[in-house]
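Shown next: coords37.pdb, given as PDB, C-alpha atoms.
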ATOM      1  CA  MET A  21     146.156  59.096  69.394  1.00  0.00           C
ATOM      2  CA  TYR A  22     143.473  61.160  67.673  1.00  0.00           C
ATOM      3  CA  ILE A  23     140.188  62.237  69.194  1.00  0.00           C
ATOM      4  CA  CYS A  24     137.196  64.036  67.723  1.00  0.00           C
ATOM      5  CA  VAL A  25     135.712  67.059  69.513  1.00  0.00           C
ATOM      6  CA  TYR A  26     132.872  69.041  67.930  1.00  0.00           C
ATOM      7  CA  ASN A  27     133.526  67.398  64.551  1.00  0.00           C
ATOM      8  CA  LYS A  28     137.202  68.445  64.530  1.00  0.00           C
ATOM      9  CA  LEU A  29     140.067  66.003  64.614  1.00  0.00           C
ATOM     10  CA  TYR A  30     142.699  66.589  67.290  1.00  0.00           C
ATOM     11  CA  ASN A  31     146.032  64.937  67.883  1.00  0.00           C
ATOM     12  CA  MET A  32     146.484  64.124  71.549  1.00  0.00           C
ATOM     13  CA  ASP A  33     150.115  64.901  72.294  1.00  0.00           C
ATOM     14  CA  THR A  34     151.094  62.584  75.136  1.00  0.00           C
ATOM     15  CA  ARG A  35     154.160  64.688  75.957  1.00  0.00           C
ATOM     16  CA  LYS A  36     151.925  67.615  76.893  1.00  0.00           C
ATOM     17  CA  LYS A  37     149.644  66.287  79.555  1.00  0.00           C
ATOM     18  CA  ASN A  38     145.942  66.994  78.965  1.00  0.00           C
ATOM     19  CA  LYS A  39     146.510  69.357  76.044  1.00  0.00           C
ATOM     20  CA  LEU A  40     144.837  69.108  72.675  1.00  0.00           C
ATOM     21  CA  VAL A  41     146.764  70.173  69.603  1.00  0.00           C
ATOM     22  CA  SER A  42     144.420  71.131  66.787  1.00  0.00           C
ATOM     23  CA  THR A  43     145.200  70.035  63.255  1.00  0.00           C
ATOM     24  CA  ASN A  44     143.626  73.332  62.125  1.00  0.00           C
ATOM     25  CA  ALA A  45     145.923  76.348  62.379  1.00  0.00           C
ATOM     26  CA  TYR A  46     144.554  79.564  63.814  1.00  0.00           C
ATOM     27  CA  PRO A  47     145.620  83.138  63.048  1.00  0.00           C
ATOM     28  CA  HIS A  48     148.489  84.689  64.949  1.00  0.00           C
ATOM     29  CA  ASN A  49     146.638  87.133  67.212  1.00  0.00           C
ATOM     30  CA  GLY A  50     149.692  89.296  67.824  1.00  0.00           C
ATOM     31  CA  GLU A  51     150.248  89.698  64.083  1.00  0.00           C
ATOM     32  CA  VAL A  52     146.668  90.911  63.663  1.00  0.00           C
ATOM     33  CA  LEU A  53     147.313  93.587  66.307  1.00  0.00           C
ATOM     34  CA  LYS A  54     150.701  94.450  64.850  1.00  0.00           C
ATOM     35  CA  GLN A  55     149.285  94.930  61.341  1.00  0.00           C
ATOM     36  CA  TYR A  56     146.557  97.218  62.687  1.00  0.00           C
ATOM     37  CA  PHE A  57     149.086  99.237  64.717  1.00  0.00           C
ATOM     38  CA  THR A  58     151.348  99.668  61.693  1.00  0.00           C
ATOM     39  CA  LYS A  59     148.526 100.591  59.310  1.00  0.00           C
ATOM     40  CA  HIS A  60     146.939 103.129  61.686  1.00  0.00           C
ATOM     41  CA  ASN A  61     150.099 104.503  63.347  1.00  0.00           C
ATOM     42  CA  VAL A  62     148.865 103.648  66.832  1.00  0.00           C
ATOM     43  CA  ASN A  63     150.878 105.120  69.707  1.00  0.00           C
ATOM     44  CA  ARG A  64     151.890 102.091  71.765  1.00  0.00           C
ATOM     45  CA  ALA A  65     152.700 104.097  74.886  1.00  0.00           C
ATOM     46  CA  GLU A  66     149.284 105.787  74.839  1.00  0.00           C
ATOM     47  CA  LEU A  67     147.525 102.458  74.332  1.00  0.00           C
ATOM     48  CA  ALA A  68     149.534 100.923  77.178  1.00  0.00           C
ATOM     49  CA  ARG A  69     148.484 103.796  79.459  1.00  0.00           C
ATOM     50  CA  GLN A  70     144.808 103.347  78.522  1.00  0.00           C
ATOM     51  CA  LEU A  71     145.013  99.586  79.072  1.00  0.00           C
ATOM     52  CA  GLY A  72     146.869  99.983  82.351  1.00  0.00           C
ATOM     53  CA  VAL A  73     149.902  97.967  81.222  1.00  0.00           C
ATOM     54  CA  SER A  74     153.486  98.792  80.341  1.00  0.00           C
ATOM     55  CA  PRO A  75     154.559  99.596  76.756  1.00  0.00           C
ATOM     56  CA  THR A  76     156.734  96.464  76.948  1.00  0.00           C
ATOM     57  CA  THR A  77     153.632  94.384  77.609  1.00  0.00           C
ATOM     58  CA  VAL A  78     151.966  95.848  74.521  1.00  0.00           C
ATOM     59  CA  MET A  79     155.059  94.879  72.512  1.00  0.00           C
ATOM     60  CA  ARG A  80     154.801  91.324  73.905  1.00  0.00           C
ATOM     61  CA  TYR A  81     151.239  91.129  72.605  1.00  0.00           C
ATOM     62  CA  PHE A  82     152.663  91.343  69.068  1.00  0.00           C
ATOM     63  CA  ASP A  83     154.701  88.181  69.627  1.00  0.00           C
ATOM     64  CA  SER A  84     151.827  86.209  71.136  1.00  0.00           C
ATOM     65  CA  GLN A  85     150.294  83.525  68.926  1.00  0.00           C
ATOM     66  CA  SER A  86     147.215  83.515  71.154  1.00  0.00           C
ATOM     67  CA  LEU A  87     145.914  86.370  73.308  1.00  0.00           C
ATOM     68  CA  GLN A  88     143.315  86.188  76.040  1.00  0.00           C
ATOM     69  CA  LEU A  89     139.866  87.357  75.049  1.00  0.00           C
ATOM     70  CA  GLY A  90     140.027  90.037  77.743  1.00  0.00           C
ATOM     71  CA  ILE A  91     143.111  91.595  76.138  1.00  0.00           C
ATOM     72  CA  LEU A  92     141.500  91.594  72.686  1.00  0.00           C
ATOM     73  CA  TRP A  93     138.266  92.954  74.173  1.00  0.00           C
ATOM     74  CA  LYS A  94     139.926  95.852  76.022  1.00  0.00           C
ATOM     75  CA  THR A  95     142.155  96.683  73.056  1.00  0.00           C
ATOM     76  CA  SER A  96     139.108  96.676  70.783  1.00  0.00           C
ATOM     77  CA  GLN A  97     137.287  99.090  73.083  1.00  0.00           C
ATOM     78  CA  VAL A  98     140.229 101.470  73.400  1.00  0.00           C
ATOM     79  CA  LEU A  99     141.018 101.526  69.665  1.00  0.00           C
ATOM     80  CA  LYS A 100     137.361 101.312  68.577  1.00  0.00           C
ATOM     81  CA  HIS A 101     138.184  98.379  66.293  1.00  0.00           C
ATOM     82  CA  ASN A 102     136.659  94.936  66.739  1.00  0.00           C
ATOM     83  CA  PHE A 103     139.651  92.575  66.784  1.00  0.00           C
ATOM     84  CA  VAL A 104     137.421  89.748  68.025  1.00  0.00           C
ATOM     85  CA  ALA A 105     135.215  90.037  64.933  1.00  0.00           C
ATOM     86  CA  GLU A 106     138.258  90.410  62.674  1.00  0.00           C
ATOM     87  CA  LEU A 107     139.678  87.159  63.987  1.00  0.00           C
ATOM     88  CA  GLY A 108     136.237  85.547  63.831  1.00  0.00           C
ATOM     89  CA  GLU A 109     136.008  86.372  60.118  1.00  0.00           C
ATOM     90  CA  GLN A 110     139.038  84.167  59.552  1.00  0.00           C
ATOM     91  CA  LEU A 111     137.225  81.230  61.110  1.00  0.00           C
ATOM     92  CA  MET A 112     135.747  79.215  58.283  1.00  0.00           C
ATOM     93  CA  VAL A 113     132.319  78.876  59.887  1.00  0.00           C
ATOM     94  CA  ASP A 114     129.202  80.551  58.510  1.00  0.00           C
ATOM     95  CA  TYR A 115     127.718  82.714  61.195  1.00  0.00           C
ATOM     96  CA  ALA A 116     125.405  85.704  61.128  1.00  0.00           C
ATOM     97  CA  THR A 117     125.065  88.051  64.057  1.00  0.00           C
ATOM     98  CA  VAL A 118     121.658  89.074  65.363  1.00  0.00           C
ATOM     99  CA  ARG A 119     122.217  92.507  63.797  1.00  0.00           C
ATOM    100  CA  GLU A 120     123.092  90.982  60.411  1.00  0.00           C
ATOM    101  CA  ILE A 121     119.948  88.852  60.476  1.00  0.00           C
ATOM    102  CA  GLU A 122     117.831  91.913  61.332  1.00  0.00           C
ATOM    103  CA  LEU A 123     119.398  93.853  58.455  1.00  0.00           C
ATOM    104  CA  GLU A 124     118.853  90.967  56.029  1.00  0.00           C
ATOM    105  CA  ASN A 125     115.187  90.814  57.066  1.00  0.00           C
ATOM    106  CA  GLN A 126     114.817  94.587  56.629  1.00  0.00           C
ATOM    107  CA  LEU A 127     116.452  94.364  53.209  1.00  0.00           C
ATOM    108  CA  ALA A 128     114.096  91.581  52.135  1.00  0.00           C
ATOM    109  CA  GLU A 129     111.095  93.637  53.273  1.00  0.00           C
ATOM    110  CA  LEU A 130     112.343  96.713  51.406  1.00  0.00           C
ATOM    111  CA  LYS A 131     112.840  94.647  48.253  1.00  0.00           C
ATOM    112  CA  LYS A 132     109.216  93.471  48.481  1.00  0.00           C
ATOM    113  CA  GLN A 133     108.049  97.067  48.904  1.00  0.00           C
ATOM    114  CA  LEU A 134     110.141  98.154  45.920  1.00  0.00           C
ATOM    115  CA  GLU A 135     108.662  95.420  43.719  1.00  0.00           C
ATOM    116  CA  LYS A 136     105.159  96.492  44.768  1.00  0.00           C
ATOM    117  CA  MET A 137     105.927 100.150  44.023  1.00  0.00           C
ATOM    118  CA  GLU A 138     107.382  99.283  40.623  1.00  0.00           C
ATOM    119  CA  ILE A 139     104.151  97.443  39.758  1.00  0.00           C
ATOM    120  CA  GLU A 140     102.075 100.411  40.962  1.00  0.00           C
ATOM    121  CA  LEU A 141     104.242 102.808  38.936  1.00  0.00           C
ATOM    122  CA  SER A 142     103.750 100.676  35.858  1.00  0.00           C
ATOM    123  CA  VAL A 143      99.962 100.716  36.393  1.00  0.00           C
ATOM    124  CA  TYR A 144      99.961 104.520  36.848  1.00  0.00           C
ATOM    125  CA  LYS A 145     102.048 104.964  33.708  1.00  0.00           C
ATOM    126  CA  ASN A 146      99.577 102.857  31.763  1.00  0.00           C
ATOM    127  CA  ILE A 147      96.657 104.920  33.099  1.00  0.00           C
ATOM    128  CA  VAL A 148      98.320 108.265  32.341  1.00  0.00           C
ATOM    129  CA  GLY A 149      99.509 107.045  28.926  1.00  0.00           C
ATOM    130  CA  LYS A 150      95.907 106.201  27.825  1.00  0.00           C
TER     131      LYS A 150
END
What does the file become when written as structure tokens?
Amino acid sequence: MYICVYNKLYNMDTRKKNKLVSTNAYPHNGEVLKQYFTKHNVNRAELARQLGVSPTTVMRYFDSQSLQLGILWKTSQVLKHNFVAELGEQLMVDYATVREIELENQLAELKKQLEKMEIELSVYKNIVGK
């Protein structure tokens, strides 16, 4: 049986009571962490100490398809890397943060000012050239 939730089609698996199984795959959260750890030579024991968990628990994170937001949040804060945003970028939904919208507006305003200044410069060049 298929149901539609927020314009996404889900297969209702009757063997797993009350669970929805999405037809859209999501990124393996543990792999995202693992790739970051490998690339940046992160000390797992030190991270575990800062998170207040055992090094074994940190290793289990790597195997987890899905991690709780709290784990990703704390890990992001400790490592100063936004894993939540990194995973969000893989979601095929257009979304702009408040900060991005502010920057786009500032950029548009600066472009207008630049166009105005280029016109003024052209006028001044014509005056000086005469």
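Going from CA of Thr77 (chain A) to CA of Leu111 (chain A) covers 26.7 Å.
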Find the spatial neighbours of Leu107 (chain A), counting all atoms listed in the file, within a cut-off of 12 Å - ignore same-chain residues fewer than 6 positions away - and output them as a PDB file with C-alpha atoms, in the frame of the given file.
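To be explicit, this is the file written out as around.pdb:
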ATOM      1  CA  TYR A  46     144.554  79.564  63.814  1.00  0.00           C
ATOM      2  CA  PRO A  47     145.620  83.138  63.048  1.00  0.00           C
ATOM      3  CA  HIS A  48     148.489  84.689  64.949  1.00  0.00           C
ATOM      4  CA  ASN A  49     146.638  87.133  67.212  1.00  0.00           C
ATOM      5  CA  GLY A  50     149.692  89.296  67.824  1.00  0.00           C
ATOM      6  CA  GLU A  51     150.248  89.698  64.083  1.00  0.00           C
ATOM      7  CA  VAL A  52     146.668  90.911  63.663  1.00  0.00           C
ATOM      8  CA  LEU A  53     147.313  93.587  66.307  1.00  0.00           C
ATOM      9  CA  SER A  86     147.215  83.515  71.154  1.00  0.00           C
ATOM     10  CA  LEU A  87     145.914  86.370  73.308  1.00  0.00           C
ATOM     11  CA  LEU A  89     139.866  87.357  75.049  1.00  0.00           C
ATOM     12  CA  LEU A  92     141.500  91.594  72.686  1.00  0.00           C
ATOM     13  CA  TRP A  93     138.266  92.954  74.173  1.00  0.00           C
ATOM     14  CA  SER A  96     139.108  96.676  70.783  1.00  0.00           C
ATOM     15  CA  HIS A 101     138.184  98.379  66.293  1.00  0.00           C
ATOM     16  CA  VAL A 113     132.319  78.876  59.887  1.00  0.00           C
TER      17      VAL A 113
END
For the atom pair CA of Ile91 (chain A) and CA of Leu71 (chain A), what is the interatomic distance in Å to one decimal place?
8.7 Å
Minimum-distance residue to Gln70 (chain A), chosen among A:Leu123, A:Val98, A:Ile147, A:Ala45 (using all atoms listed in the file):
A:Val98
Rounded to one decimal place, report the CA of Pro75 (chain A)-CA of Asn63 (chain A) distance in Å.
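Separating CA of Pro75 (chain A) from CA of Asn63 (chain A) is a distance of 9.7 Å.
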